[in-house]
Amino acid sequence: MAKLPRVATVTLNPALDQTAQSPDFHAGKVNRVISEQSDAGGKGVNVAAYLARYGHDVTATGLLGRGNLEPFENLFAERGIVDRFVKLPGLTRVNVKIVDKIRELVTDINFPGINADDDSIDAVTRIVFELADDGVKWFILSGSLPKGMQTDSYRLLIEQLKDKGCKVVLDTSGIPFDRALHAKPNVIKPSIDELQEVTGSVVESHGEIIAAARKILENGTELVVVSMRDKGALFVTAEQTVLAVPPKARVVSTVGAGDAMVAGITHGLITGMPLPKIARFSTALSLGALAQIGPNLPPKEDISAFEELVSISDPT
């Protein structure tokens, strides 16, 4: 098999994902935790780990607090990920997920992140452009922005990466997402709600979602993947639309499920998969992540089995 091209992920607001299993959890009451697990995470970190699992040469950069580096350093060493993070004083934020297996509910409690100053922002920017100049052609920009970063930070990064001939996959939300769209990222993965926000259109039916996605494609983006939760995802290009619907599955944890889809999309594009195969594979990866505690994947043979269960169709 030919060597896969290098990939870089940019995670400006990573997190330690702490998952606590608490059966029959109720807010406002004393709840018992039967097990807990902490994982190095954040959207881009998760994508990096998943891509490394599938044989990619991955470099991860962004901002990390020096006070709780060890889980991240352990993950990077274990997965063979090159660590180019800028280290700042303080702690990387913690995201807590409370998993209630009895009611099949997951409660999220997300802490604020570290503050980014001008020097740290400039340092990450230099690293990103050094990687591009050194031959990295695929960049995944994922997650929220920390305090101290301008809301057009992703837009500025994408514009300069595109000028260098790089491909950019963007997975963020809110104002940073809206502003970054003007830089024409190659791939985006909004939810229905995020698609409505940036297009100003009410989107409910498949036809409305496809029409809204095509408006974005007219601006220069090449692939729009719209997540519809348990109803699947629509994969839309200028020439083709694919609907991928997963089977009903028990959710163990939602940590990293969307990031697994981003990794699957990126892997599929890099390896030249046709769009229906990309849709099937990335949905199967997301299913695999949903079945794990923390941002992890099951064995590859399980992912292959999940692929067979994903329904693929043309919704047009």
# chains A, B, ... in the order shown; residues from 1 in each chain; ligands from 1
call {"tool": "select_by_dssp", "arguments": {"residues": "segment 151-206 of chain A", "states": "helix (DSSP H, G or I)", "output": "PDB file with N, CA and C atoms, in the first residue's frame"}}
result
ATOM      1  N   SER A 153     -10.409  33.832  13.408  1.00  0.00           N
ATOM      2  CA  SER A 153      -9.109  33.151  13.412  1.00  0.00           C
ATOM      3  C   SER A 153      -9.077  31.996  12.416  1.00  0.00           C
ATOM      4  N   TYR A 154     -10.148  31.195  12.367  1.00  0.00           N
ATOM      5  CA  TYR A 154     -10.182  30.091  11.400  1.00  0.00           C
ATOM      6  C   TYR A 154     -10.170  30.621   9.966  1.00  0.00           C
ATOM      7  N   ARG A 155     -10.906  31.698   9.732  1.00  0.00           N
ATOM      8  CA  ARG A 155     -10.938  32.262   8.386  1.00  0.00           C
ATOM      9  C   ARG A 155      -9.538  32.653   7.918  1.00  0.00           C
ATOM     10  N   LEU A 156      -8.799  33.309   8.785  1.00  0.00           N
ATOM     11  CA  LEU A 156      -7.457  33.751   8.414  1.00  0.00           C
ATOM     12  C   LEU A 156      -6.528  32.568   8.150  1.00  0.00           C
ATOM     13  N   LEU A 157      -6.620  31.531   8.975  1.00  0.00           N
ATOM     14  CA  LEU A 157      -5.811  30.335   8.755  1.00  0.00           C
ATOM     15  C   LEU A 157      -6.160  29.667   7.432  1.00  0.00           C
ATOM     16  N   ILE A 158      -7.456  29.523   7.174  1.00  0.00           N
ATOM     17  CA  ILE A 158      -7.892  28.826   5.951  1.00  0.00           C
ATOM     18  C   ILE A 158      -7.451  29.584   4.705  1.00  0.00           C
ATOM     19  N   GLU A 159      -7.604  30.897   4.725  1.00  0.00           N
ATOM     20  CA  GLU A 159      -7.214  31.689   3.557  1.00  0.00           C
ATOM     21  C   GLU A 159      -5.750  31.455   3.201  1.00  0.00           C
ATOM     22  N   GLN A 160      -4.888  31.477   4.196  1.00  0.00           N
ATOM     23  CA  GLN A 160      -3.459  31.321   3.917  1.00  0.00           C
ATOM     24  C   GLN A 160      -3.104  29.873   3.572  1.00  0.00           C
ATOM     25  N   LEU A 161      -3.780  28.911   4.190  1.00  0.00           N
ATOM     26  CA  LEU A 161      -3.542  27.517   3.822  1.00  0.00           C
ATOM     27  C   LEU A 161      -3.994  27.235   2.397  1.00  0.00           C
ATOM     28  N   LYS A 162      -5.124  27.796   2.013  1.00  0.00           N
ATOM     29  CA  LYS A 162      -5.600  27.602   0.628  1.00  0.00           C
ATOM     30  C   LYS A 162      -4.619  28.248  -0.362  1.00  0.00           C
ATOM     31  N   ASP A 163      -4.060  29.406   0.011  1.00  0.00           N
ATOM     32  CA  ASP A 163      -3.065  30.057  -0.853  1.00  0.00           C
ATOM     33  C   ASP A 163      -1.832  29.180  -1.047  1.00  0.00           C
ATOM     34  N   GLY A 174     -21.045  28.249  15.288  1.00  0.00           N
ATOM     35  CA  GLY A 174     -21.236  29.621  15.712  1.00  0.00           C
ATOM     36  C   GLY A 174     -20.596  30.643  14.787  1.00  0.00           C
ATOM     37  N   ILE A 175     -20.231  31.784  15.363  1.00  0.00           N
ATOM     38  CA  ILE A 175     -19.657  32.873  14.569  1.00  0.00           C
ATOM     39  C   ILE A 175     -18.352  32.453  13.888  1.00  0.00           C
ATOM     40  N   PRO A 176     -17.436  31.708  14.554  1.00  0.00           N
ATOM     41  CA  PRO A 176     -16.213  31.289  13.850  1.00  0.00           C
ATOM     42  C   PRO A 176     -16.504  30.467  12.594  1.00  0.00           C
ATOM     43  N   PHE A 177     -17.547  29.635  12.645  1.00  0.00           N
ATOM     44  CA  PHE A 177     -17.934  28.844  11.470  1.00  0.00           C
ATOM     45  C   PHE A 177     -18.455  29.754  10.363  1.00  0.00           C
ATOM     46  N   ASP A 178     -19.342  30.667  10.721  1.00  0.00           N
ATOM     47  CA  ASP A 178     -19.922  31.580   9.735  1.00  0.00           C
ATOM     48  C   ASP A 178     -18.833  32.384   9.033  1.00  0.00           C
ATOM     49  N   ARG A 179     -17.882  32.880   9.799  1.00  0.00           N
ATOM     50  CA  ARG A 179     -16.822  33.709   9.199  1.00  0.00           C
ATOM     51  C   ARG A 179     -15.832  32.867   8.394  1.00  0.00           C
ATOM     52  N   ALA A 180     -15.581  31.646   8.857  1.00  0.00           N
ATOM     53  CA  ALA A 180     -14.628  30.785   8.147  1.00  0.00           C
ATOM     54  C   ALA A 180     -15.149  30.354   6.784  1.00  0.00           C
ATOM     55  N   LEU A 181     -16.465  30.299   6.619  1.00  0.00           N
ATOM     56  CA  LEU A 181     -17.029  29.886   5.331  1.00  0.00           C
ATOM     57  C   LEU A 181     -16.592  30.811   4.198  1.00  0.00           C
ATOM     58  N   HIS A 182     -16.320  32.072   4.519  1.00  0.00           N
ATOM     59  CA  HIS A 182     -15.897  33.017   3.483  1.00  0.00           C
ATOM     60  C   HIS A 182     -14.531  32.648   2.909  1.00  0.00           C
ATOM     61  N   ALA A 183     -13.762  31.846   3.630  1.00  0.00           N
ATOM     62  CA  ALA A 183     -12.445  31.415   3.152  1.00  0.00           C
ATOM     63  C   ALA A 183     -12.531  30.142   2.313  1.00  0.00           C
ATOM     64  N   ILE A 192     -27.734  20.194  11.391  1.00  0.00           N
ATOM     65  CA  ILE A 192     -28.865  20.905  10.788  1.00  0.00           C
ATOM     66  C   ILE A 192     -28.992  22.303  11.392  1.00  0.00           C
ATOM     67  N   ASP A 193     -28.869  22.401  12.715  1.00  0.00           N
ATOM     68  CA  ASP A 193     -29.003  23.702  13.373  1.00  0.00           C
ATOM     69  C   ASP A 193     -27.936  24.679  12.896  1.00  0.00           C
ATOM     70  N   GLU A 194     -26.701  24.199  12.763  1.00  0.00           N
ATOM     71  CA  GLU A 194     -25.616  25.068  12.296  1.00  0.00           C
ATOM     72  C   GLU A 194     -25.831  25.484  10.849  1.00  0.00           C
ATOM     73  N   LEU A 195     -26.376  24.578  10.040  1.00  0.00           N
ATOM     74  CA  LEU A 195     -26.666  24.909   8.639  1.00  0.00           C
ATOM     75  C   LEU A 195     -27.731  25.997   8.563  1.00  0.00           C
ATOM     76  N   GLN A 196     -28.739  25.908   9.413  1.00  0.00           N
ATOM     77  CA  GLN A 196     -29.786  26.935   9.436  1.00  0.00           C
ATOM     78  C   GLN A 196     -29.205  28.290   9.830  1.00  0.00           C
ATOM     79  N   GLU A 197     -28.309  28.290  10.802  1.00  0.00           N
ATOM     80  CA  GLU A 197     -27.732  29.548  11.283  1.00  0.00           C
ATOM     81  C   GLU A 197     -26.955  30.270  10.187  1.00  0.00           C
ATOM     82  N   VAL A 198     -26.132  29.521   9.441  1.00  0.00           N
ATOM     83  CA  VAL A 198     -25.262  30.181   8.464  1.00  0.00           C
ATOM     84  C   VAL A 198     -25.976  30.516   7.164  1.00  0.00           C
ATOM     85  N   THR A 199     -27.056  29.790   6.843  1.00  0.00           N
ATOM     86  CA  THR A 199     -27.768  30.068   5.585  1.00  0.00           C
ATOM     87  C   THR A 199     -28.988  30.951   5.797  1.00  0.00           C
ATOM     88  N   HIS A 206     -35.169  16.643   3.413  1.00  0.00           N
ATOM     89  CA  HIS A 206     -33.922  16.383   2.688  1.00  0.00           C
ATOM     90  C   HIS A 206     -33.713  17.411   1.581  1.00  0.00           C
TER      91      HIS A 206
END
call {"tool": "select_by_dssp", "arguments": {"residues": "segment 30-255 of chain A", "states": "strand (DSSP E or B)", "output": "PyMOL selection string"}}
result
chain A and resi 35-41+58-65+82-83+86-88+94-100+105-110+115+138-142+147+167-171+187-188+191+223-227+233-236+241-245
call {"tool": "closest_residue", "arguments": {"among": "A:Gly165, A:Gly41, A:Gly62, A:Pro89", "to": "Ala123 of chain A", "atoms": "only C-alpha atoms"}}
result
A:Gly62
call {"tool": "residues_around", "arguments": {"residues": "Asn13 of chain A", "least_positions_apart": "4", "cutoff": "7 Å", "atoms": "only C-alpha atoms", "output": "short mmCIF file (atom, residue, chain, number, x, y, z; two decimals) with N, CA, C and O atoms, in the first residue's frame"}}
result
data_model
loop_
_atom_site.label_atom_id
_atom_site.label_comp_id
_atom_site.auth_asym_id
_atom_site.auth_seq_id
_atom_site.Cartn_x
_atom_site.Cartn_y
_atom_site.Cartn_z
N GLY A 42 -10.66 16.66 22.86
CA GLY A 42 -10.80 17.85 22.04
C GLY A 42 -10.96 17.37 20.61
O GLY A 42 -10.38 16.34 20.21
N LEU A 63 -3.21 24.49 21.22
CA LEU A 63 -2.83 25.05 22.51
C LEU A 63 -3.15 24.06 23.62
O LEU A 63 -4.27 23.53 23.68
N GLY A 113 -12.04 27.03 28.73
CA GLY A 113 -10.67 26.68 28.37
C GLY A 113 -9.66 27.70 28.87
O GLY A 113 -9.99 28.66 29.57
N GLY A 143 -13.18 22.25 16.37
CA GLY A 143 -13.54 22.66 17.72
C GLY A 143 -13.73 24.16 17.89
O GLY A 143 -13.62 24.95 16.95
N SER A 144 -14.02 24.53 19.11
CA SER A 144 -14.27 25.92 19.46
C SER A 144 -12.95 26.69 19.60
O SER A 144 -11.86 26.10 19.57
N LEU A 145 -13.08 27.99 19.74
CA LEU A 145 -11.92 28.85 19.95
C LEU A 145 -11.82 29.22 21.43
O LEU A 145 -12.84 29.47 22.07
N PRO A 146 -10.62 29.28 21.98
CA PRO A 146 -10.47 29.67 23.39
C PRO A 146 -10.63 31.17 23.57
O PRO A 146 -10.64 31.94 22.61
#
call {"tool": "residues_around", "arguments": {"residues": "segment 44-53 of chain A", "least_positions_apart": "5", "cutoff": "6 Å", "atoms": "only C-alpha atoms", "output": "PDB file with N, CA, C and O atoms, in the first residue's frame"}}
result
ATOM      1  N   THR A   9      -3.702  18.161  12.339  1.00  0.00           N
ATOM      2  CA  THR A   9      -4.922  18.624  12.989  1.00  0.00           C
ATOM      3  C   THR A   9      -4.594  19.835  13.847  1.00  0.00           C
ATOM      4  O   THR A   9      -3.516  19.915  14.444  1.00  0.00           O
ATOM      5  N   VAL A  10      -5.537  20.778  13.898  1.00  0.00           N
ATOM      6  CA  VAL A  10      -5.364  21.995  14.688  1.00  0.00           C
ATOM      7  C   VAL A  10      -6.499  22.040  15.712  1.00  0.00           C
ATOM      8  O   VAL A  10      -7.674  22.119  15.355  1.00  0.00           O
ATOM      9  N   THR A  11      -6.123  21.973  16.995  1.00  0.00           N
ATOM     10  CA  THR A  11      -7.096  21.982  18.091  1.00  0.00           C
ATOM     11  C   THR A  11      -6.745  23.133  19.018  1.00  0.00           C
ATOM     12  O   THR A  11      -5.817  23.035  19.822  1.00  0.00           O
ATOM     13  N   SER A 142     -10.570  21.899  13.950  1.00  0.00           N
ATOM     14  CA  SER A 142     -11.723  21.372  14.675  1.00  0.00           C
ATOM     15  C   SER A 142     -11.917  22.026  16.029  1.00  0.00           C
ATOM     16  O   SER A 142     -10.957  22.290  16.753  1.00  0.00           O
ATOM     17  N   ASP A 259     -16.248  13.452  15.685  1.00  0.00           N
ATOM     18  CA  ASP A 259     -14.847  13.505  15.251  1.00  0.00           C
ATOM     19  C   ASP A 259     -14.471  12.250  14.467  1.00  0.00           C
ATOM     20  O   ASP A 259     -13.662  12.309  13.537  1.00  0.00           O
ATOM     21  N   ALA A 263     -12.885  12.140  10.756  1.00  0.00           N
ATOM     22  CA  ALA A 263     -11.723  11.316  10.403  1.00  0.00           C
ATOM     23  C   ALA A 263     -12.046  10.395   9.244  1.00  0.00           C
ATOM     24  O   ALA A 263     -11.231  10.218   8.324  1.00  0.00           O
TER      25      ALA A 263
END
call {"tool": "closest_residue", "arguments": {"among": "A:Leu269, A:Thr172, A:Lys248, A:Val255", "to": "Leu309 of chain A", "atoms": "only C-alpha atoms"}}
result
A:Lys248
call {"tool": "atom_distance", "arguments": {"atom1": "atom CA of Ile98 of chain A", "atom2": "atom CA of Asn110 of chain A"}}
result
11.3 Å
call {"tool": "atom_distance", "arguments": {"atom1": "atom CA of Val58 of chain A", "atom2": "atom CA of Asp152 of chain A"}}
result
25.3 Å
call {"tool": "closest_residue", "arguments": {"among": "A:Gly28, A:Gly288, A:Gly55, A:Pro23", "to": "Asp100 of chain A", "atoms": "only C-alpha atoms"}}
result
A:Pro23
call {"tool": "atom_distance", "arguments": {"atom1": "atom CA of Phe72 of chain A", "atom2": "atom CA of Ala15 of chain A"}}
result
9.5 Å
call {"tool": "residues_around", "arguments": {"residues": "Asp119 of chain A", "least_positions_apart": "4", "cutoff": "12 Å", "atoms": "only C-alpha atoms", "output": "NGL selection string"}}
result
:A and (63 or 86-88 or 115 or 123-126 or 148-149)
call {"tool": "write_last_selection", "arguments": {"atoms": "N, CA, C and O atoms", "output": "compact mmCIF listing (two decimals), in the first residue's frame"}}
result
# COMPACT_ATOMS: atom_id res chain seq x y z
N LEU A 63 -3.21 24.49 21.22
CA LEU A 63 -2.83 25.05 22.51
C LEU A 63 -3.15 24.06 23.62
O LEU A 63 -4.27 23.53 23.68
N VAL A 86 1.57 24.13 21.25
CA VAL A 86 2.14 25.22 22.02
C VAL A 86 1.65 25.05 23.45
O VAL A 86 0.44 24.92 23.69
N LYS A 87 2.58 25.03 24.41
CA LYS A 87 2.24 24.80 25.81
C LYS A 87 2.13 26.13 26.56
O LYS A 87 3.05 26.95 26.51
N LEU A 88 1.00 26.32 27.26
CA LEU A 88 0.73 27.55 27.98
C LEU A 88 0.62 27.30 29.48
O LEU A 88 0.33 26.18 29.90
N ASN A 115 -6.81 30.72 28.46
CA ASN A 115 -6.80 31.97 27.71
C ASN A 115 -5.63 31.99 26.73
O ASN A 115 -4.51 31.64 27.09
N ALA A 123 2.37 31.79 17.70
CA ALA A 123 3.18 30.57 17.69
C ALA A 123 2.47 29.44 16.97
O ALA A 123 3.08 28.72 16.16
N VAL A 124 1.17 29.26 17.23
CA VAL A 124 0.42 28.22 16.53
C VAL A 124 0.36 28.51 15.03
O VAL A 124 0.54 27.61 14.20
N THR A 125 0.13 29.76 14.69
CA THR A 125 0.05 30.14 13.28
C THR A 125 1.36 29.82 12.57
O THR A 125 1.37 29.28 11.45
N ARG A 126 2.49 30.13 13.21
CA ARG A 126 3.80 29.83 12.60
C ARG A 126 3.96 28.32 12.39
O ARG A 126 4.45 27.88 11.34
N GLY A 148 -9.66 34.84 24.08
CA GLY A 148 -8.50 35.56 23.60
C GLY A 148 -8.27 35.47 22.11
O GLY A 148 -7.47 36.22 21.56
N MET A 149 -8.98 34.55 21.45
CA MET A 149 -8.82 34.42 20.00
C MET A 149 -9.96 35.13 19.29
O MET A 149 -11.12 35.06 19.69
call {"tool": "residues_around", "arguments": {"residues": "Gly67 of chain A", "least_positions_apart": "5", "cutoff": "8 Å", "atoms": "only C-alpha atoms", "output": "VMD selection string"}}
result
chain A and resid 89 to 92
call {"tool": "write_last_selection", "arguments": {"atoms": "C-alpha atoms", "output": "PDB file, in the first residue's frame"}}
result
ATOM      1  CA  PRO A  89       0.589  28.151  31.742  1.00  0.00           C
ATOM      2  CA  GLY A  90      -2.471  26.691  33.423  1.00  0.00           C
ATOM      3  CA  LEU A  91      -4.733  23.712  32.834  1.00  0.00           C
ATOM      4  CA  THR A  92      -6.339  22.408  29.683  1.00  0.00           C
TER       5      THR A  92
END
call {"tool": "closest_residue", "arguments": {"among": "A:Ala284, A:Leu4, A:Ile34, A:Ala291", "to": "Gly272 of chain A", "atoms": "only C-alpha atoms"}}
result
A:Leu4
